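Q: Next comes the structure file protein.csv, holding CSV, N, CA and C atoms.
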```csv
chain,number,residue,atom,x,y,z
A,263,MET,N,-14.3,-7.8,-18.1
A,263,MET,CA,-15.3,-7.1,-17.2
A,263,MET,C,-16.6,-7.9,-17.3
A,264,LEU,N,-17.3,-8.1,-16.2
A,264,LEU,CA,-18.5,-8.8,-16.2
A,264,LEU,C,-19.6,-8.0,-16.9
A,265,ASN,N,-20.4,-8.6,-17.8
A,265,ASN,CA,-21.5,-7.9,-18.5
A,265,ASN,C,-21.0,-6.7,-19.4
A,266,ALA,N,-19.9,-6.8,-19.9
A,266,ALA,CA,-19.4,-5.6,-20.7
A,266,ALA,C,-20.1,-5.5,-22.0
A,267,GLU,N,-20.9,-6.5,-22.4
A,267,GLU,CA,-21.6,-6.4,-23.7
A,267,GLU,C,-23.1,-6.0,-23.5
A,268,THR,N,-23.5,-5.7,-22.2
A,268,THR,CA,-24.9,-5.4,-21.9
A,268,THR,C,-25.0,-3.9,-22.0
A,269,TYR,N,-26.1,-3.4,-22.7
A,269,TYR,CA,-26.3,-2.0,-22.9
A,269,TYR,C,-27.6,-1.6,-22.3
A,270,VAL,N,-27.7,-0.4,-21.9
A,270,VAL,CA,-28.9,0.2,-21.3
A,270,VAL,C,-29.9,0.6,-22.4
A,271,THR,N,-29.4,1.0,-23.5
A,271,THR,CA,-30.2,1.4,-24.7
A,271,THR,C,-30.1,0.4,-25.8
A,272,LYS,N,-31.0,0.6,-26.8
A,272,LYS,CA,-31.0,-0.3,-27.9
A,272,LYS,C,-29.8,0.0,-28.9
A,273,GLU,N,-29.3,1.2,-28.8
A,273,GLU,CA,-28.1,1.6,-29.6
A,273,GLU,C,-26.9,0.8,-29.2
A,274,LYS,N,-26.0,0.6,-30.1
A,274,LYS,CA,-24.8,-0.2,-29.8
A,274,LYS,C,-23.8,0.6,-28.9
A,275,GLY,N,-23.8,1.9,-28.9
A,275,GLY,CA,-22.8,2.6,-28.1
A,275,GLY,C,-21.7,3.2,-29.0
A,276,ILE,N,-20.8,3.9,-28.4
A,276,ILE,CA,-19.8,4.6,-29.1
A,276,ILE,C,-18.4,3.9,-29.1
A,277,GLY,N,-18.3,2.8,-28.4
A,277,GLY,CA,-17.1,2.0,-28.4
A,277,GLY,C,-16.1,2.4,-27.4
A,278,GLY,N,-16.6,3.0,-26.3
A,278,GLY,CA,-15.7,3.3,-25.2
A,278,GLY,C,-15.1,2.1,-24.5
A,279,THR,N,-14.0,2.3,-23.7
A,279,THR,CA,-13.5,1.2,-22.9
A,279,THR,C,-13.3,1.7,-21.5
A,280,ILE,N,-13.1,0.8,-20.6
A,280,ILE,CA,-13.0,1.0,-19.2
A,280,ILE,C,-11.7,0.4,-18.7
A,281,ARG,N,-11.0,1.2,-17.8
A,281,ARG,CA,-9.8,0.7,-17.1
A,281,ARG,C,-8.7,0.2,-18.1
A,282,ASN,N,-8.3,1.0,-19.0
A,282,ASN,CA,-7.2,0.6,-20.0
A,282,ASN,C,-5.9,0.7,-19.3
A,283,ARG,N,-5.7,1.6,-18.4
A,283,ARG,CA,-4.4,1.9,-17.7
A,283,ARG,C,-4.6,1.7,-16.2
A,284,TYR,N,-3.5,1.4,-15.5
A,284,TYR,CA,-3.6,1.3,-14.1
A,284,TYR,C,-4.1,2.6,-13.5
A,285,GLU,N,-3.8,3.7,-14.1
A,285,GLU,CA,-4.2,5.1,-13.6
A,285,GLU,C,-5.7,5.3,-13.6
A,286,ASP,N,-6.4,4.5,-14.4
A,286,ASP,CA,-7.8,4.6,-14.5
A,286,ASP,C,-8.6,4.2,-13.3
A,287,PHE,N,-8.0,3.5,-12.3
A,287,PHE,CA,-8.6,3.0,-11.1
A,287,PHE,C,-7.8,3.4,-9.9
A,288,TYR,N,-8.5,4.0,-8.9
A,288,TYR,CA,-7.8,4.5,-7.7
A,288,TYR,C,-8.4,3.9,-6.5
A,289,VAL,N,-7.6,3.4,-5.6
A,289,VAL,CA,-8.1,2.9,-4.3
A,289,VAL,C,-7.3,3.5,-3.2
A,290,GLU,N,-8.0,4.1,-2.2
A,290,GLU,CA,-7.3,4.6,-1.0
A,290,GLU,C,-8.0,4.0,0.2
A,291,GLU,N,-7.1,3.4,1.0
A,291,GLU,CA,-7.5,2.8,2.3
A,291,GLU,C,-8.0,4.0,3.2
A,292,ILE,N,-9.1,3.8,3.9
A,292,ILE,CA,-9.7,4.7,4.9
A,292,ILE,C,-9.5,4.1,6.3
A,293,PRO,N,-8.5,4.6,7.0
A,293,PRO,CA,-8.2,4.0,8.3
A,293,PRO,C,-9.1,4.5,9.4
A,294,ILE,N,-9.2,3.7,10.4
A,294,ILE,CA,-9.9,4.1,11.6
A,294,ILE,C,-9.0,5.0,12.4
A,295,GLU,N,-9.5,6.2,12.7
A,295,GLU,CA,-8.7,7.3,13.3
A,295,GLU,C,-7.9,6.8,14.5
A,296,ASN,N,-8.5,6.1,15.5
A,296,ASN,CA,-7.8,5.8,16.7
A,296,ASN,C,-6.8,4.7,16.5
A,297,LEU,N,-6.7,4.1,15.3
A,297,LEU,CA,-5.6,3.1,15.1
A,297,LEU,C,-4.4,3.7,14.4
A,298,LEU,N,-4.5,5.0,14.0
A,298,LEU,CA,-3.4,5.6,13.2
A,298,LEU,C,-2.2,5.9,14.2
A,299,PRO,N,-1.0,5.8,13.7
A,299,PRO,CA,0.2,6.1,14.5
A,299,PRO,C,0.3,7.5,14.9
A,300,ALA,N,0.8,7.7,16.1
A,300,ALA,CA,0.9,9.1,16.7
A,300,ALA,C,2.3,9.7,16.7
A,301,GLY,N,3.3,8.9,16.3
A,301,GLY,CA,4.7,9.5,16.2
A,301,GLY,C,5.6,8.9,17.2
A,302,GLU,N,5.2,8.0,18.1
A,302,GLU,CA,6.0,7.4,19.1
A,302,GLU,C,5.7,5.9,19.2
A,303,GLY,N,6.7,5.1,19.5
A,303,GLY,CA,6.5,3.7,19.7
A,303,GLY,C,7.5,2.9,18.9
A,304,PRO,N,7.5,1.6,19.1
A,304,PRO,CA,8.5,0.7,18.6
A,304,PRO,C,8.3,0.2,17.1
A,305,ASN,N,7.1,0.6,16.6
A,305,ASN,CA,6.8,0.1,15.2
A,305,ASN,C,6.8,1.3,14.2
A,306,VAL,N,7.2,0.9,13.0
A,306,VAL,CA,7.3,1.9,11.9
A,306,VAL,C,6.1,1.7,11.0
A,307,TRP,N,5.3,2.8,10.7
A,307,TRP,CA,4.2,2.7,9.8
A,307,TRP,C,4.6,3.5,8.6
A,308,ILE,N,4.2,3.0,7.4
A,308,ILE,CA,4.5,3.6,6.1
A,308,ILE,C,3.2,3.8,5.3
A,309,TRP,N,2.9,5.0,5.0
A,309,TRP,CA,1.8,5.3,4.1
A,309,TRP,C,2.3,5.2,2.7
A,310,ILE,N,1.9,4.2,1.9
A,310,ILE,CA,2.5,4.0,0.6
A,310,ILE,C,1.5,4.3,-0.5
A,311,GLU,N,2.0,4.6,-1.6
A,311,GLU,CA,1.3,4.7,-2.9
A,311,GLU,C,2.0,3.8,-3.9
A,312,LYS,N,1.2,2.8,-4.4
A,312,LYS,CA,1.8,1.9,-5.3
A,312,LYS,C,1.0,1.9,-6.6
A,313,LEU,N,1.7,1.5,-7.7
A,313,LEU,CA,1.1,1.5,-9.0
A,313,LEU,C,1.5,0.1,-9.7
A,314,GLY,N,0.4,-0.6,-10.0
A,314,GLY,CA,0.6,-1.9,-10.7
A,314,GLY,C,1.3,-3.0,-10.0
A,315,ARG,N,1.2,-3.0,-8.6
A,315,ARG,CA,1.9,-3.9,-7.8
A,315,ARG,C,0.9,-4.5,-6.7
A,316,THR,N,1.1,-5.7,-6.3
A,316,THR,CA,0.3,-6.2,-5.2
A,316,THR,C,0.9,-5.8,-3.9
A,317,THR,N,0.1,-5.8,-2.9
A,317,THR,CA,0.6,-5.4,-1.5
A,317,THR,C,1.8,-6.4,-1.2
A,318,LEU,N,1.6,-7.7,-1.4
A,318,LEU,CA,2.6,-8.6,-1.0
A,318,LEU,C,3.9,-8.4,-1.8
A,319,ASP,N,3.8,-8.0,-3.1
A,319,ASP,CA,5.1,-7.7,-3.8
A,319,ASP,C,5.9,-6.6,-3.1
A,320,VAL,N,5.2,-5.5,-2.7
A,320,VAL,CA,5.8,-4.4,-2.0
A,320,VAL,C,6.4,-4.9,-0.7
A,321,LEU,N,5.6,-5.6,0.1
A,321,LEU,CA,6.1,-6.1,1.4
A,321,LEU,C,7.4,-7.0,1.2
A,322,MET,N,7.4,-7.8,0.2
A,322,MET,CA,8.5,-8.7,-0.1
A,322,MET,C,9.8,-7.9,-0.4
A,323,ASP,N,9.6,-6.8,-1.2
A,323,ASP,CA,10.7,-6.0,-1.6
A,323,ASP,C,11.3,-5.3,-0.3
A,324,ILE,N,10.4,-4.8,0.5
A,324,ILE,CA,10.8,-4.1,1.7
A,324,ILE,C,11.6,-5.0,2.7
A,325,SER,N,11.0,-6.2,2.9
A,325,SER,CA,11.6,-7.2,3.8
A,325,SER,C,13.0,-7.6,3.2
A,326,ARG,N,13.1,-7.8,1.9
A,326,ARG,CA,14.4,-8.1,1.3
A,326,ARG,C,15.4,-7.0,1.6
A,327,ASP,N,15.0,-5.8,1.3
A,327,ASP,CA,16.0,-4.7,1.4
A,327,ASP,C,16.4,-4.4,2.8
A,328,LEU,N,15.5,-4.6,3.8
A,328,LEU,CA,15.8,-4.4,5.2
A,328,LEU,C,16.4,-5.6,5.9
A,329,HIS,N,16.4,-6.7,5.2
A,329,HIS,CA,16.9,-8.0,5.7
A,329,HIS,C,16.1,-8.4,7.0
A,330,ILE,N,14.8,-8.3,6.8
A,330,ILE,CA,13.9,-8.7,8.0
A,330,ILE,C,12.8,-9.7,7.4
A,331,SER,N,12.2,-10.4,8.3
A,331,SER,CA,11.2,-11.4,7.9
A,331,SER,C,9.9,-10.6,7.5
A,332,ARG,N,9.3,-11.1,6.5
A,332,ARG,CA,8.0,-10.5,6.0
A,332,ARG,C,6.9,-10.7,7.1
A,333,LYS,N,7.1,-11.6,8.0
A,333,LYS,CA,6.1,-11.8,9.1
A,333,LYS,C,6.1,-10.7,10.1
A,334,ARG,N,7.1,-9.8,10.0
A,334,ARG,CA,7.2,-8.7,10.9
A,334,ARG,C,6.3,-7.5,10.4
A,335,MET,N,5.8,-7.7,9.2
A,335,MET,CA,5.1,-6.6,8.5
A,335,MET,C,3.6,-6.9,8.5
A,336,GLY,N,2.8,-5.9,8.8
A,336,GLY,CA,1.3,-6.0,8.8
A,336,GLY,C,0.7,-5.0,7.8
A,337,PHE,N,-0.5,-5.3,7.4
A,337,PHE,CA,-1.3,-4.5,6.5
A,337,PHE,C,-2.7,-4.8,6.8
A,338,ALA,N,-3.6,-3.8,6.4
A,338,ALA,CA,-5.0,-4.0,6.7
A,338,ALA,C,-5.8,-4.8,5.7
A,339,GLY,N,-5.3,-4.9,4.5
A,339,GLY,CA,-5.9,-5.6,3.4
A,339,GLY,C,-5.2,-5.5,2.1
A,340,MET,N,-5.5,-6.5,1.2
A,340,MET,CA,-4.9,-6.4,-0.1
A,340,MET,C,-5.5,-5.4,-0.9
A,341,LYS,N,-4.8,-4.7,-1.7
A,341,LYS,CA,-5.3,-3.6,-2.6
A,341,LYS,C,-5.1,-4.1,-4.0
A,342,ASP,N,-5.9,-3.5,-4.9
A,342,ASP,CA,-5.8,-3.9,-6.3
A,342,ASP,C,-4.4,-3.7,-6.9
A,343,LYS,N,-4.0,-4.7,-7.8
A,343,LYS,CA,-2.8,-4.6,-8.5
A,343,LYS,C,-2.9,-3.6,-9.7
A,344,LYS,N,-4.0,-3.7,-10.4
A,344,LYS,CA,-4.2,-2.9,-11.6
A,344,LYS,C,-4.8,-1.6,-11.2
A,345,ALA,N,-4.1,-0.8,-10.5
A,345,ALA,CA,-4.7,0.5,-10.0
A,345,ALA,C,-3.5,1.3,-9.3
A,346,ILE,N,-3.9,2.5,-9.0
A,346,ILE,CA,-3.1,3.3,-8.1
A,346,ILE,C,-3.7,3.1,-6.7
A,347,THR,N,-2.9,2.7,-5.8
A,347,THR,CA,-3.5,2.5,-4.4
A,347,THR,C,-2.7,3.1,-3.4
A,348,LYS,N,-3.4,3.5,-2.3
A,348,LYS,CA,-2.7,4.1,-1.1
A,348,LYS,C,-3.1,3.2,0.1
A,349,GLN,N,-2.2,2.9,0.9
A,349,GLN,CA,-2.5,2.1,2.1
A,349,GLN,C,-1.4,2.2,3.1
A,350,TRP,N,-1.7,1.8,4.4
A,350,TRP,CA,-0.7,1.8,5.5
A,350,TRP,C,-0.1,0.4,5.5
A,351,ILE,N,1.2,0.3,5.8
A,351,ILE,CA,1.8,-1.0,6.2
A,351,ILE,C,2.6,-0.7,7.5
A,352,CYS,N,2.8,-1.7,8.2
A,352,CYS,CA,3.5,-1.5,9.5
A,352,CYS,C,4.6,-2.6,9.7
A,353,ILE,N,5.8,-2.1,10.2
A,353,ILE,CA,6.9,-3.0,10.4
A,353,ILE,C,7.0,-3.0,12.0
A,354,SER,N,6.9,-4.2,12.6
A,354,SER,CA,7.0,-4.2,14.0
A,354,SER,C,8.4,-4.3,14.5
A,355,ASN,N,8.6,-3.8,15.7
A,355,ASN,CA,9.9,-3.8,16.4
A,355,ASN,C,11.1,-3.2,15.7
A,356,MET,N,10.9,-2.0,15.2
A,356,MET,CA,11.9,-1.2,14.6
A,356,MET,C,12.2,0.0,15.5
A,357,ASP,N,12.7,-0.3,16.7
A,357,ASP,CA,12.7,0.7,17.7
A,357,ASP,C,13.9,1.6,17.7
A,358,SER,N,15.0,1.3,17.0
A,358,SER,CA,16.2,2.2,17.0
A,358,SER,C,16.1,3.3,16.0
A,359,LYS,N,16.8,4.3,16.2
A,359,LYS,CA,16.8,5.4,15.2
A,359,LYS,C,17.4,5.0,13.9
A,360,GLU,N,18.4,4.1,14.0
A,360,GLU,CA,19.0,3.6,12.8
A,360,GLU,C,18.0,2.8,11.9
A,361,GLN,N,17.2,2.0,12.5
A,361,GLN,CA,16.2,1.2,11.8
A,361,GLN,C,15.2,2.1,11.2
A,362,PHE,N,14.8,3.1,11.9
A,362,PHE,CA,13.8,4.1,11.4
A,362,PHE,C,14.4,4.8,10.1
A,363,GLU,N,15.6,5.2,10.2
A,363,GLU,CA,16.3,5.9,9.1
A,363,GLU,C,16.5,4.9,7.9
A,364,GLU,N,16.7,3.6,8.2
A,364,GLU,CA,16.8,2.6,7.1
A,364,GLU,C,15.5,2.5,6.3
A,365,VAL,N,14.4,2.5,7.0
A,365,VAL,CA,13.1,2.5,6.4
A,365,VAL,C,12.9,3.7,5.5
A,366,LYS,N,13.2,4.9,6.1
A,366,LYS,CA,13.0,6.1,5.4
A,366,LYS,C,13.8,6.2,4.1
A,367,ALA,N,15.0,5.6,4.2
A,367,ALA,CA,16.0,5.6,3.0
A,367,ALA,C,15.5,4.7,1.9
A,368,LEU,N,14.5,3.9,2.1
A,368,LEU,CA,14.0,3.0,1.0
A,368,LEU,C,13.0,3.8,0.1
A,369,ASP,N,12.6,5.0,0.5
A,369,ASP,CA,11.7,5.8,-0.3
A,369,ASP,C,12.4,6.1,-1.7
A,370,GLY,N,11.7,5.7,-2.7
A,370,GLY,CA,12.3,5.8,-4.1
A,370,GLY,C,13.0,4.6,-4.5
A,371,GLU,N,13.3,3.7,-3.7
A,371,GLU,CA,14.1,2.5,-4.0
A,371,GLU,C,13.2,1.3,-4.3
A,372,ILE,N,11.9,1.3,-3.9
A,372,ILE,CA,11.0,0.2,-4.1
A,372,ILE,C,10.2,0.4,-5.4
A,373,TYR,N,10.3,-0.5,-6.3
A,373,TYR,CA,9.7,-0.3,-7.7
A,373,TYR,C,8.2,0.1,-7.6
A,374,ASN,N,7.9,1.2,-8.4
A,374,ASN,CA,6.6,1.7,-8.5
A,374,ASN,C,5.9,1.9,-7.1
A,375,THR,N,6.6,2.3,-6.1
A,375,THR,CA,6.1,2.5,-4.8
A,375,THR,C,6.7,3.8,-4.2
A,376,LYS,N,5.8,4.7,-3.7
A,376,LYS,CA,6.3,5.9,-3.0
A,376,LYS,C,5.9,5.8,-1.5
A,377,PHE,N,6.8,6.3,-0.7
A,377,PHE,CA,6.5,6.4,0.7
A,377,PHE,C,6.0,7.8,1.0
A,378,LEU,N,4.7,7.9,1.2
A,378,LEU,CA,4.2,9.3,1.4
A,378,LEU,C,4.4,9.8,2.8
A,379,LYS,N,4.5,8.8,3.8
A,379,LYS,CA,4.7,9.2,5.2
A,379,LYS,C,5.3,8.0,5.9
A,380,VAL,N,6.3,8.3,6.7
A,380,VAL,CA,6.9,7.3,7.6
A,380,VAL,C,6.9,7.8,9.0
A,381,ILE,N,6.2,7.0,9.9
A,381,ILE,CA,6.0,7.5,11.2
A,381,ILE,C,6.0,6.4,12.2
A,382,ARG,N,6.4,6.6,13.4
A,382,ARG,CA,6.4,5.6,14.5
A,382,ARG,C,5.0,5.5,15.1
A,383,GLY,N,4.7,4.3,15.6
A,383,GLY,CA,3.4,4.0,16.3
A,383,GLY,C,3.5,3.0,17.4
A,384,GLN,N,2.7,3.1,18.3
A,384,GLN,CA,2.6,2.1,19.4
A,384,GLN,C,2.0,0.8,19.0
A,385,LYS,N,0.9,0.9,18.2
A,385,LYS,CA,0.2,-0.3,17.8
A,385,LYS,C,0.7,-0.8,16.5
A,386,LYS,N,0.3,-2.1,16.3
A,386,LYS,CA,0.7,-2.7,15.0
A,386,LYS,C,-0.6,-2.8,14.2
A,387,THR,N,-0.5,-2.9,12.9
A,387,THR,CA,-1.6,-3.0,12.0
A,387,THR,C,-1.7,-4.5,11.6
A,388,SER,N,-2.8,-5.0,11.3
A,388,SER,CA,-3.0,-6.4,10.8
A,388,SER,C,-4.2,-6.4,9.9
A,389,TYR,N,-4.3,-7.5,9.2
A,389,TYR,CA,-5.3,-7.7,8.2
A,389,TYR,C,-6.7,-7.3,8.8
A,390,GLY,N,-7.4,-6.4,8.1
A,390,GLY,CA,-8.7,-6.0,8.5
A,390,GLY,C,-8.8,-4.9,9.6
A,391,SER,N,-7.6,-4.3,10.0
A,391,SER,CA,-7.6,-3.4,11.2
A,391,SER,C,-7.9,-2.0,10.8
A,392,THR,N,-7.7,-1.6,9.6
A,392,THR,CA,-8.0,-0.1,9.3
A,392,THR,C,-9.2,0.0,8.4
```
Write the structure described by the file as structure tokens, please.
A:
Amino acid sequence: MLNAETYVTKEKGIGGTIRNRYEDFYVEEIPIENLLPAGEGPNVWIWIEKLGRTTLDVLMDISRDLHISRKRMGFAGMKDKKAITKQWICISNMDSKEQFEEVKALDGEIYNTKFLKVIRGQKKTSYGST
């Protein structure tokens, strides 16, 4: 951590530490309301919570398990690996009921990742959009 040895007082301190565990840091994406999915459309949006994983790690696992290209998946931005993070990801052109159910069935199957919500949307998400 930058400047970890700098103190505000002349005393040395009590020896505390910061961010020893992933659970010590929490990041939640704050989406723009009019960009959120409304429940209809050809795209599947997933509100995920991940622990100790990069966004790309999760996307690669999902694309592998669904046998689709990673390029069909969008996200608003990279979130910290060494944290608990929540963010939206979007899979484009998953318009059949079977495809939607396949996505939902992945909940609990992706390492250190929970699907908090799976919903259809008209729009796609992309880097910097939420």
Q: Within 8 Å of region 320-329 of chain A, counting all atoms listed in the file, which residues show up once you throw out same-chain ones fewer than 2 positions away? Write them as a list in words, please.
A: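 Everything that qualifies: Arg315, Thr316, Thr317, Leu318, Ser331, Arg332, Lys333, Met335, Glu364, Val365, Leu368, Glu371, Ile372, Tyr373 and Thr375 of chain A.
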Q: Quick one: residues within 6 Å of region 288-303 of chain A, only N, CA and C atoms, excluding same-chain residues fewer than 3 positions away - as a list in words?
A: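 Here the qualifying residues turn out to be Glu285, Ala345, Ile346, Thr347, Lys348, Gln349, Asp357, Ile381, Arg382, Gly383, Gln384, Ser391 and Thr392 of chain A.
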Q: Identify, with DSSP run on backbone atoms, the residues in chain A assigned to strand (DSSP E or B), and express the list as number ranges by chain.
A: A: 288-290, 305-313, 335-337, 346-353, 375-383
Q: Between atom C of Ser354 (chain A) and CA of Asp342 (chain A), measure the distance and give it in Å to one decimal.
A: 25.2 Å
Q: When you draw a straight line from CA of Lys344 (chain A) to CA of Asp369 (chain A), how long is it in Å?
A: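 Going from CA of Lys344 (chain A) over to CA of Asp369 (chain A) covers 21.4 Å.
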Q: Taking only C-alpha atoms into account, which of A:Lys343, A:Lys312, A:Arg334, A:Val306 comes nearest Lys366 (chain A)?
A: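 Checking each candidate against Lys366 (chain A), we get A:Val306 as the closest.
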Q: Please indicate the distance in Å from atom N of Glu363 (chain A) to atom N of Val380 (chain A), rounded to one decimal place.
A: 10.4 Å
Q: Running DSSP on the backbone, which parts of region 288-361 of chain A land in alpha helix (DSSP H), as a ChimeraX atom specification?
A: /A:317-328,359-361
Q: Would you export the selected residues with N, CA and C atoms as a compact mmCIF listing (two decimals), in the frame of the given file, please?
A:
```
# COMPACT_ATOMS: atom_id res chain seq x y z
N THR A 317 0.10 -5.80 -2.90
CA THR A 317 0.60 -5.40 -1.50
C THR A 317 1.80 -6.40 -1.20
N LEU A 318 1.60 -7.70 -1.40
CA LEU A 318 2.60 -8.60 -1.00
C LEU A 318 3.90 -8.40 -1.80
N ASP A 319 3.80 -8.00 -3.10
CA ASP A 319 5.10 -7.70 -3.80
C ASP A 319 5.90 -6.60 -3.10
N VAL A 320 5.20 -5.50 -2.70
CA VAL A 320 5.80 -4.40 -2.00
C VAL A 320 6.40 -4.90 -0.70
N LEU A 321 5.60 -5.60 0.10
CA LEU A 321 6.10 -6.10 1.40
C LEU A 321 7.40 -7.00 1.20
N MET A 322 7.40 -7.80 0.20
CA MET A 322 8.50 -8.70 -0.10
C MET A 322 9.80 -7.90 -0.40
N ASP A 323 9.60 -6.80 -1.20
CA ASP A 323 10.70 -6.00 -1.60
C ASP A 323 11.30 -5.30 -0.30
N ILE A 324 10.40 -4.80 0.50
CA ILE A 324 10.80 -4.10 1.70
C ILE A 324 11.60 -5.00 2.70
N SER A 325 11.00 -6.20 2.90
CA SER A 325 11.60 -7.20 3.80
C SER A 325 13.00 -7.60 3.20
N ARG A 326 13.10 -7.80 1.90
CA ARG A 326 14.40 -8.10 1.30
C ARG A 326 15.40 -7.00 1.60
N ASP A 327 15.00 -5.80 1.30
CA ASP A 327 16.00 -4.70 1.40
C ASP A 327 16.40 -4.40 2.80
N LEU A 328 15.50 -4.60 3.80
CA LEU A 328 15.80 -4.40 5.20
C LEU A 328 16.40 -5.60 5.90
N LYS A 359 16.80 4.30 16.20
CA LYS A 359 16.80 5.40 15.20
C LYS A 359 17.40 5.00 13.90
N GLU A 360 18.40 4.10 14.00
CA GLU A 360 19.00 3.60 12.80
C GLU A 360 18.00 2.80 11.90
N GLN A 361 17.20 2.00 12.50
CA GLN A 361 16.20 1.20 11.80
C GLN A 361 15.20 2.10 11.20
```
Q: Pick the closest to Lys341 (chain A) from A:Ile353, A:Phe287, A:Ile276, A:Asn305: which is it, counting only C-alpha atoms?
A: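 Between A:Ile353, A:Phe287, A:Ile276, A:Asn305, the residue approaching Lys341 (chain A) most closely is A:Phe287.
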